[in-house]
$ cat input.cif   # mmCIF, C-alpha atoms
data_coords
#
loop_
_atom_site.label_atom_id
_atom_site.label_comp_id
_atom_site.auth_asym_id
_atom_site.auth_seq_id
_atom_site.Cartn_x
_atom_site.Cartn_y
_atom_site.Cartn_z
CA PRO G 198 79.18 146.44 104.51
CA ILE G 199 82.40 144.58 105.37
CA PRO G 200 85.19 145.49 102.92
CA ASN G 201 86.88 142.66 101.03
CA PRO G 202 90.28 142.26 102.76
CA HIS G 203 91.86 140.96 99.52
CA LEU G 204 91.31 144.39 97.96
CA LEU G 205 93.26 145.98 100.78
CA LEU G 206 96.25 143.69 101.30
CA PRO G 207 98.88 142.18 98.98
CA CYS G 208 98.33 138.55 99.95
CA PRO G 209 99.46 136.00 97.32
CA VAL G 210 96.95 133.34 98.41
CA PRO G 211 93.24 134.28 98.70
CA CYS G 212 91.74 133.52 102.12
CA CYS G 213 94.97 132.00 103.43
CA ARG G 214 94.60 133.44 106.95
CA ARG G 215 98.34 132.88 107.42
CA HIS G 216 99.81 135.90 105.65
CA PRO G 217 100.80 138.36 108.45
CA LEU G 218 98.85 141.27 107.00
CA CYS G 219 95.83 139.06 106.32
CA LEU G 220 95.75 138.11 109.96
CA VAL G 221 95.46 141.75 110.97
CA GLN G 222 92.60 142.43 108.57
CA PHE G 223 90.74 139.20 109.33
CA ALA G 224 91.07 139.92 113.03
CA SER G 225 89.55 143.34 112.49
CA TYR G 226 86.46 141.99 110.75
CA PHE G 227 86.04 138.39 111.91
CA GLY G 228 87.80 138.16 115.28
CA PRO G 229 91.17 136.64 116.29
CA VAL G 230 92.76 134.07 113.98
CA VAL G 231 95.32 131.55 115.29
CA LEU G 232 98.40 131.32 113.09
CA ASN G 233 98.93 127.92 111.37
CA GLN G 234 95.90 126.38 113.03
CA ARG G 235 95.00 123.08 111.34
CA SER G 236 91.98 120.89 111.57
CA PRO G 237 92.54 117.40 113.06
CA LEU G 238 92.15 115.88 109.57
CA GLU G 239 94.70 118.30 108.11
CA ALA G 240 97.10 117.52 110.94
CA ARG G 241 96.80 113.77 110.33
CA ARG G 242 97.46 114.26 106.62
CA LYS G 243 100.53 116.34 107.42
CA GLU G 244 101.84 113.70 109.83
CA SER G 245 101.23 110.90 107.30
CA THR G 246 103.06 112.83 104.56
CA THR G 247 106.01 113.55 106.86
CA THR G 248 106.26 109.88 107.84
CA ARG G 249 106.33 108.78 104.19
CA ILE G 250 109.05 111.31 103.38
CA MET G 251 111.22 110.25 106.33
CA SER G 252 110.88 106.46 105.83
CA LYS G 253 112.38 104.83 102.76
CA PRO G 254 110.49 102.10 100.91
CA ARG G 255 111.63 98.63 102.00
CA ILE G 256 112.97 95.97 99.67
CA LEU G 257 113.83 92.39 100.63
CA CYS G 258 117.05 91.20 98.98
CA LEU G 259 117.88 87.53 98.31
CA HIS G 260 121.28 86.36 97.07
CA GLY G 261 122.14 83.53 94.68
CA GLY G 262 123.50 80.07 95.41
CA GLY G 263 126.93 79.95 97.05
CA SER G 264 126.71 83.57 98.13
CA ASN G 265 125.77 85.60 101.20
CA ASN G 266 124.79 89.03 102.52
CA ASP G 267 128.33 90.37 102.04
CA ILE G 268 127.86 90.10 98.27
CA THR G 269 124.32 91.41 97.72
CA PRO G 270 125.09 94.98 98.92
CA PHE G 271 127.56 95.32 96.04
CA GLN G 272 124.67 94.55 93.70
CA THR G 273 122.14 96.86 95.33
CA LYS G 274 124.71 99.65 95.28
CA GLY G 275 125.49 99.02 91.60
CA LEU G 276 121.77 99.15 90.77
CA GLN G 277 121.25 102.24 92.98
CA LEU G 278 118.64 100.38 95.01
CA SER G 279 120.35 101.06 98.34
CA SER G 280 120.39 104.82 97.66
CA ARG G 281 116.62 105.09 97.42
CA MET G 282 115.30 102.11 99.39
CA GLU G 283 115.91 100.41 102.71
CA CYS G 284 117.47 97.07 101.78
CA ILE G 285 116.74 94.13 104.06
CA TYR G 286 119.22 91.33 103.32
CA LEU G 287 118.26 87.73 104.02
CA HIS G 288 120.75 84.89 103.58
CA ALA G 289 119.51 81.43 102.65
CA PRO G 290 119.19 78.73 105.33
CA HIS G 291 121.48 76.08 103.83
CA VAL G 292 125.24 76.37 104.32
CA MET G 293 127.57 75.51 101.42
CA ASP G 294 131.15 74.37 101.89
CA TYR G 295 132.23 76.49 98.93
CA CYS G 296 131.26 79.81 97.43
CA TYR G 297 130.26 80.55 93.85
CA PRO G 298 133.58 80.78 91.96
CA GLY G 299 135.18 84.20 92.44
CA LEU G 300 133.13 85.40 95.40
CA GLY G 301 135.78 84.33 97.90
CA ARG G 302 137.68 87.52 97.06
CA PHE G 303 134.88 89.61 98.56
CA SER G 304 133.75 87.55 101.55
CA ASP G 305 135.24 85.09 104.02
CA GLY G 306 131.90 83.28 104.30
CA PRO G 307 130.02 81.33 105.33
CA PHE G 308 128.15 80.91 102.06
CA TYR G 309 124.57 79.77 101.60
CA ALA G 310 122.07 78.43 99.08
CA TRP G 311 118.29 78.16 98.83
CA ALA G 312 119.03 74.60 97.69
CA VAL G 313 122.57 73.28 97.39
CA PRO G 314 123.12 72.47 93.68
CA SER G 315 123.51 68.82 92.72
CA SER G 316 125.54 69.80 89.66
CA ASN G 317 126.75 73.08 88.23
CA PRO G 318 129.33 73.44 85.42
CA LEU G 319 131.06 76.38 87.09
CA PHE G 320 131.28 74.69 90.48
CA LEU G 321 132.57 71.49 88.87
CA ALA G 322 135.13 73.45 86.82
CA ALA G 323 136.43 74.90 90.08
CA GLY G 324 136.88 71.39 91.48
CA VAL G 325 133.89 71.50 93.81
CA LEU G 326 132.06 68.18 94.17
CA LEU G 327 128.74 69.00 95.81
CA GLY G 328 127.37 65.50 96.30
CA LYS G 329 123.69 66.45 96.51
CA THR G 330 120.86 64.64 94.75
CA PHE G 331 117.85 66.43 93.28
CA SER G 332 115.75 64.87 96.03
CA ASP G 333 117.98 66.63 98.56
CA GLN G 334 117.39 69.86 96.66
CA GLU G 335 113.62 69.45 96.79
CA ASP G 336 113.70 69.07 100.56
CA GLN G 337 115.98 72.07 100.96
CA TRP G 338 113.90 74.18 98.59
CA ASP G 339 110.78 73.35 100.58
CA ALA G 340 112.53 74.34 103.81
CA SER G 341 113.67 77.61 102.18
CA LEU G 342 110.08 78.54 101.27
CA GLU G 343 109.07 78.02 104.91
CA TYR G 344 112.09 80.06 106.03
CA ILE G 345 111.10 83.00 103.81
CA ALA G 346 107.46 82.80 104.91
CA LYS G 347 108.43 82.95 108.58
CA PHE G 348 110.79 85.87 107.98
CA CYS G 349 108.13 87.82 106.07
CA MET G 350 105.48 87.19 108.72
CA GLU G 351 107.84 88.54 111.38
CA ASN G 352 109.46 91.38 109.43
CA GLY G 353 107.19 92.21 106.47
CA PRO G 354 105.47 93.35 104.49
CA PHE G 355 107.94 94.85 102.02
CA ASP G 356 107.39 97.21 99.11
CA GLY G 357 109.44 95.07 96.77
CA VAL G 358 111.85 92.16 96.49
CA TYR G 359 115.20 91.80 94.72
CA GLY G 360 116.82 88.52 93.80
CA PHE G 361 119.91 87.34 91.95
CA SER G 362 120.43 83.97 90.23
CA GLN G 363 118.95 81.23 92.44
CA GLY G 364 117.26 84.00 94.43
CA THR G 365 115.13 84.87 91.40
CA ALA G 366 113.75 81.33 91.30
CA ILE G 367 112.75 81.23 94.98
CA ILE G 368 111.11 84.66 94.57
CA THR G 369 109.22 83.47 91.49
CA ASP G 370 107.99 80.41 93.35
CA PHE G 371 106.94 82.36 96.44
CA SER G 372 105.21 85.12 94.44
CA HIS G 373 102.61 82.69 93.13
CA PRO G 374 99.34 82.60 95.17
CA ARG G 375 99.69 78.84 95.38
CA ILE G 376 102.61 79.42 97.77
CA TRP G 377 101.97 82.60 99.77
CA ARG G 378 98.17 82.25 99.95
CA GLU G 379 97.30 78.56 99.71
CA ARG G 380 100.31 77.10 101.48
CA PHE G 381 101.20 79.80 104.04
CA ARG G 382 97.72 81.34 104.48
CA MET G 383 98.91 84.91 103.95
CA GLU G 384 96.28 87.52 103.10
CA ASN G 385 98.62 89.24 100.64
CA CYS G 386 101.93 88.53 98.99
CA PRO G 387 104.63 90.07 101.23
CA TRP G 388 105.90 92.29 98.38
CA LYS G 389 104.26 94.33 95.61
CA PHE G 390 106.89 94.13 92.86
CA ALA G 391 109.98 92.11 91.97
CA ILE G 392 113.41 92.95 90.54
CA LEU G 393 115.11 89.81 89.20
CA ALA G 394 118.68 89.67 87.91
CA CYS G 395 120.41 86.88 85.96
CA GLY G 396 117.89 84.23 86.90
CA GLY G 397 118.79 80.59 87.39
CA ALA G 398 117.68 77.33 89.02
CA SER G 399 114.34 77.22 87.18
CA ARG G 400 114.15 73.45 87.64
CA ASN G 401 113.57 74.01 91.36
CA LEU G 402 110.27 75.81 90.73
CA THR G 403 107.21 74.07 92.16
CA ILE G 404 104.49 76.22 90.57
CA PRO G 405 102.69 75.17 87.34
CA GLY G 406 104.63 75.78 84.15
CA ASP G 407 101.73 77.59 82.47
CA THR G 408 101.27 79.99 85.37
CA VAL G 409 101.28 83.79 85.13
CA ILE G 410 102.34 85.80 88.17
CA ASP G 411 100.27 88.97 88.05
CA MET G 412 102.75 91.38 89.61
CA PRO G 413 105.01 94.15 88.23
CA SER G 414 108.49 92.80 87.55
CA PHE G 415 111.83 94.02 86.20
CA HIS G 416 114.16 91.42 84.68
CA MET G 417 117.88 91.84 83.94
CA PHE G 418 119.60 89.41 81.57
CA GLY G 419 123.34 89.09 80.90
CA MET G 420 124.26 88.90 77.22
CA LYS G 421 127.18 86.59 78.09
CA ASP G 422 125.43 84.78 80.94
CA TRP G 423 125.96 81.02 80.79
CA VAL G 424 122.40 80.54 82.13
CA LEU G 425 120.73 83.14 79.90
CA ALA G 426 118.17 80.61 78.64
CA ASP G 427 117.25 79.76 82.23
CA SER G 428 116.94 83.44 83.09
CA LYS G 429 114.47 83.96 80.25
CA LYS G 430 112.56 80.85 81.29
CA ILE G 431 112.01 82.32 84.76
CA ALA G 432 110.92 85.63 83.26
CA ASN G 433 108.22 83.79 81.28
CA TYR G 434 106.36 83.06 84.51
CA TRP G 435 105.60 86.76 84.98
CA ASN G 436 102.74 88.76 83.45
CA PRO G 437 104.11 90.16 80.16
CA SER G 438 101.90 93.25 80.35
CA ARG G 439 103.48 94.21 83.72
CA LYS G 440 107.03 93.14 82.92
CA VAL G 441 110.08 95.22 81.95
CA THR G 442 113.24 93.54 80.63
CA HIS G 443 116.77 94.64 79.82
CA MET G 444 119.83 92.86 78.43
CA HIS G 445 123.12 94.12 79.86
CA GLY G 446 126.46 93.47 78.24
CA ARG G 447 128.06 91.30 80.92
CA GLY G 448 127.74 87.71 82.10
CA HIS G 449 126.24 86.11 85.21
CA GLU G 450 126.86 89.17 87.35
CA ILE G 451 125.60 92.40 88.83
CA ASP G 452 128.51 94.40 90.23
CA VAL G 453 129.06 97.74 91.92
CA GLN G 454 129.96 99.44 88.61
CA MET G 455 126.63 98.69 86.89
CA SER G 456 125.32 102.22 87.30
CA ARG G 457 128.39 103.54 85.46
CA ARG G 458 128.48 100.97 82.63
CA GLU G 459 124.79 100.24 82.09
CA LYS G 460 123.21 103.69 82.19
CA GLU G 461 120.24 102.76 80.01
CA MET G 462 119.38 99.82 82.28
CA ILE G 463 119.60 102.00 85.42
CA PHE G 464 117.39 104.63 83.76
CA LYS G 465 114.76 101.97 82.94
CA LEU G 466 115.01 100.50 86.45
CA ASN G 467 114.53 103.89 88.08
CA ASP G 468 111.52 104.55 85.85
CA PHE G 469 110.09 101.21 86.93
CA LEU G 470 110.68 102.02 90.61
CA ASP G 471 109.16 105.48 90.22
CA GLU G 472 106.00 103.94 88.83
CA GLN G 473 105.76 101.34 91.62
CA LEU G 474 106.46 103.75 94.46
CA ILE G 475 104.08 106.42 93.14
CA SER G 476 101.37 103.75 92.95
CA LYS G 477 102.17 102.82 96.55
CA GLU G 478 101.84 106.45 97.73
CA ALA G 479 98.52 106.77 95.93
CA CYS G 480 97.23 103.66 97.71
CA ASP G 481 98.51 104.91 101.07
#
$ encode --input "input.cif" --output "structure tokens"
Amino acid sequence: PIPNPHLLLPCPVPCCRRHPLCLVQFASYFGPVVLNQRSPLEARRKESTTTRIMSKPRILCLHGGGSNNDITPFQTKGLQLSSRMECIYLHAPHVMDYCYPGLGRFSDGPFYAWAVPSSNPLFLAAGVLLGKTFSDQEDQWDASLEYIAKFCMENGPFDGVYGFSQGTAIITDFSHPRIWRERFRMENCPWKFAILACGGASRNLTIPGDTVIDMPSFHMFGMKDWVLADSKKIANYWNPSRKVTHMHGRGHEIDVQMSRREKEMIFKLNDFLDEQLISKEACD
């Protein structure tokens, strides 16, 4: 009878055929064994796992009104998004003559909006007369939806999407099947989850007011935000059973120091991301 090789050799893994001493014994009884030989299926699994490890998840990032892609990286850094995801920054298509008050210290422009505001207390306080009617905004908003659709068709899909202020509203609009499926004939929404900070511009939304967007979402509110009510209104469009919220102690802002000041919020956000990205790996 053939002796059991595991009774003869100190191999930590039964039948591994890779332990050096196992190879000698298996060769004696069963013929030559090739070290690290893998089946085609095993090789494909290994390659797929390696690819997932090497490539970061992708998140589309949309700024607020009167801002640009110089500003959003400060936010993604403060939220630790850029350290664990590949951030794709998209500026809005409509140029503004002025930036959101205070942002001029961090960028020379140009500055953009998804729809140039017709009135805004902070812009008016800074002496900026925008001169746009709400009808102008509707046309610009419509053009912005088309702009995002084209970008996603050419560069998507993405794992998630991040938006700040006016960016949260355009994301909320686009995330509804009425927009991405019925209007733009997409098979799937171009992102699987949304991270929305200090929402604003809810009056620009074109989707029904009683709608529920059935997608995981994380919402950040500013305790001192002058549009806090608007931010909560936007959050109400999202499925409450798949929604996480947090109130930070600042105003209408997400800055680079958020991870230092708002540790509880960052902990909750990372938990949310872990759940979404693990679900993605399971599907893959």
$ residues_around --input "input.cif" --residues "Glu351 (chain G)" --least-positions-apart "6" --cutoff "12 Å" --atoms "only C-alpha atoms" --output "NGL selection string"
:G and (344-345 or 387)
$ atom_distance --input "input.cif" --atom1 "CA of Val292 (chain G)" --atom2 "CA of Met383 (chain G)"
27.7 Å
$ resolve_selection --input "input.cif" --expression "the PyMOL selection byres ((chain G and resi 298-314) around 6)" --output "VMD selection string"
chain G and resid 262 to 265 289 291 to 293 296 to 297 315 to 316 334 337 to 338 341
$ residues_around --input "input.cif" --residues "Asn352 (chain G)" --least-positions-apart "5" --cutoff "12 Å" --atoms "only C-alpha atoms" --output "short mmCIF file (atom, residue, chain, number, x, y, z; two decimals) with C-alpha atoms, in the frame of the given file"
data_model
loop_
_atom_site.label_atom_id
_atom_site.label_comp_id
_atom_site.auth_asym_id
_atom_site.auth_seq_id
_atom_site.Cartn_x
_atom_site.Cartn_y
_atom_site.Cartn_z
CA ARG G 255 111.63 98.63 102.00
CA ILE G 256 112.97 95.97 99.67
CA LEU G 257 113.83 92.39 100.63
CA ILE G 285 116.74 94.13 104.06
CA TYR G 286 119.22 91.33 103.32
CA LEU G 287 118.26 87.73 104.02
CA ILE G 345 111.10 83.00 103.81
CA ALA G 346 107.46 82.80 104.91
CA LYS G 347 108.43 82.95 108.58
CA PRO G 387 104.63 90.07 101.23
CA TRP G 388 105.90 92.29 98.38
#
$ closest_residue --input "input.cif" --among "G:Thr403, G:Ala398, G:Asp294, G:Gly419" --to "Met455 (chain G)" --atoms "only C-alpha atoms"
G:Gly419
$ resolve_selection --input "input.cif" --expression "the PyMOL selection byres ((chain G and resi 410) around 9)" --output "number ranges by chain"
G: 369, 372-374, 408-409, 411-413, 434-436
$ atom_distance --input "input.cif" --atom1 "CA of Gly360 (chain G)" --atom2 "CA of Arg382 (chain G)"
23.0 Å
$ resolve_selection --input "input.cif" --expression "the PyMOL selection byres ((chain G and resi 462) around 12)" --output "number ranges by chain"
G: 275-277, 394, 415-419, 441-446, 451, 455-461, 463-469
$ atom_distance --input "input.cif" --atom1 "CA of Ala340 (chain G)" --atom2 "CA of Lys430 (chain G)"
23.4 Å
$ closest_residue --input "input.cif" --among "G:Cys284, G:Ala391, G:Ala366, G:Met350" --to "Gln473 (chain G)" --atoms "all atoms listed in the file"
G:Ala391
$ closest_residue --input "input.cif" --among "G:Arg447, G:Lys421, G:Arg375, G:Lys389" --to "Tyr359 (chain G)" --atoms "only C-alpha atoms"
G:Lys389
$ closest_residue --input "input.cif" --among "G:Glu472, G:Asp427, G:Glu343, G:Glu384" --to "His449 (chain G)" --atoms "all atoms listed in the file"
G:Asp427
$ closest_residue --input "input.cif" --among "G:Cys386, G:Leu402, G:Lys429, G:Leu259" --to "Pro354 (chain G)" --atoms "all atoms listed in the file"
G:Cys386
